[in-house]
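Q: Below is the structure I would like to discuss, written out as structure tokens.
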Amino acid sequence: MSRDLPGIADAAPLQSERAVLMFGDVLGRPDLRRGSEHDASGAGIRQMFINNVSAHFDDAQYVDLARALLADVADGGVVSVQWTTSPEKAGGEKGSRGHIDGGRLLDELLAAAGGSGRTVRAQQRPTVRYRYTLNASVRGQVDASQLGEYDAPEPEFNIEIVFGPRKGTREEVGR
């Protein structure tokens, strides 16, 4: 595969030197980032930032994501979710961006946590503001007039979800 092919070169912006771009369905398969029991730090996702992700999830997909995160996030791991309900286009419908809603995710996590033997706690955090772009292309191939139809997302909400230890872990039994 060549870096010169448009789909490869323009897949997403690289923000800094030494940046790593990873392809994968991290919402459908967070276990791909889990690591293994062979990792020195132990298995589990330590930190995840779901930032203005347009996924258009239905109720069942929120349930699936909550169960996967309960299984795959490390003890003490943090998942931060930032989103907006603002319309994608001027005059559009509220929520039309389909961002992952941290409140809905938290509800599903709390509902599933009891059966998993884990605790989940959350707190609102200040939104992380930066210059959002709708154009990931490094070549400027996207027609500016087409992009002008859309408003860049400005985050309204940010929630930090912390995952407690699994049943029977050292931390729980006081070691």
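We label chains A, B, ... in the order they appear in the structure tokens, count residues from 1 in each chain, and number ligands from 1 in the order shown.
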Pull the closest atom pair for each residue of range 46-138 of chain A that gets at most 10 Å from range 151-170 of chain A, along with the distance in Å to one decimal, counting only C-alpha atoms, ordering rows by chain and then ascending residue number, as CSV.

A:
```
residue,atom,partner,partner_atom,distance
A:Arg46,CA,A:Phe163,CA,9.6
A:Gln47,CA,A:Val162,CA,9.4
A:Met48,CA,A:Glu160,CA,9.9
A:Phe49,CA,A:Glu160,CA,9.1
A:Ile50,CA,A:Asn158,CA,9.6
A:Asn51,CA,A:Pro155,CA,8.6
A:Asn52,CA,A:Pro155,CA,7.2
A:Leu69,CA,A:Phe163,CA,9.0
A:Leu70,CA,A:Phe163,CA,7.6
A:Ala71,CA,A:Arg166,CA,9.2
A:Val73,CA,A:Phe163,CA,7.1
A:Ala74,CA,A:Phe163,CA,7.3
A:Asp75,CA,A:Pro165,CA,4.5
A:Gly76,CA,A:Phe163,CA,5.2
A:Gly77,CA,A:Phe163,CA,5.5
A:Val78,CA,A:Val162,CA,4.6
A:Val79,CA,A:Ile161,CA,5.2
A:Ser80,CA,A:Glu160,CA,4.4
A:Val81,CA,A:Ile159,CA,5.4
A:Gln82,CA,A:Asn158,CA,4.2
A:Trp83,CA,A:Pro155,CA,5.2
A:Thr84,CA,A:Glu156,CA,4.9
A:Thr85,CA,A:Glu156,CA,7.4
A:Ser86,CA,A:Pro153,CA,7.5
A:Pro87,CA,A:Asp151,CA,7.9
A:Glu88,CA,A:Asp151,CA,5.9
A:Lys89,CA,A:Asp151,CA,5.7
A:Ala90,CA,A:Asp151,CA,6.9
A:Arg97,CA,A:Pro153,CA,8.6
A:His99,CA,A:Pro153,CA,9.9
A:Asp101,CA,A:Phe157,CA,8.8
A:Gly102,CA,A:Ile159,CA,6.2
A:Gly103,CA,A:Ile159,CA,7.8
A:Leu105,CA,A:Ile161,CA,9.6
A:Leu106,CA,A:Ile161,CA,7.6
A:Leu109,CA,A:Ile161,CA,9.4
A:Ala113,CA,A:Phe163,CA,9.4
A:Ser116,CA,A:Arg166,CA,7.8
A:Gly117,CA,A:Lys167,CA,5.3
A:Arg118,CA,A:Arg166,CA,5.0
A:Thr119,CA,A:Gly164,CA,4.7
A:Val120,CA,A:Phe163,CA,4.8
A:Arg121,CA,A:Val162,CA,5.4
A:Ala122,CA,A:Ile161,CA,4.3
A:Gln123,CA,A:Glu160,CA,5.5
A:Gln124,CA,A:Ile159,CA,4.5
A:Arg125,CA,A:Asn158,CA,5.3
A:Pro126,CA,A:Asn158,CA,6.2
A:Thr127,CA,A:Asn158,CA,5.2
A:Val128,CA,A:Pro155,CA,7.4
A:Arg129,CA,A:Pro155,CA,7.1
A:Tyr130,CA,A:Glu154,CA,8.7
A:Arg131,CA,A:Ala152,CA,8.7
A:Tyr132,CA,A:Ala152,CA,6.1
A:Thr133,CA,A:Ala152,CA,6.2
A:Leu134,CA,A:Ala152,CA,6.3
A:Asn135,CA,A:Ala152,CA,9.8
```

Q: Restricting the calculation to only C-alpha atoms: of A:Arg104, A:Gly95, A:Gly148, A:Gly115, which residue gets closest to Val63 in chain A?

A: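 Of A:Arg104, A:Gly95, A:Gly148, A:Gly115, the one nearest Val63 in chain A is A:Arg104, counting only C-alpha atoms.
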
Q: Looking at only C-alpha atoms, which of A:Val53, A:Glu149, A:Tyr62, A:Leu27 is the one that sits closest to Ala112 in chain A?

A: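 Smallest distance to Ala112 in chain A is found for A:Tyr62.
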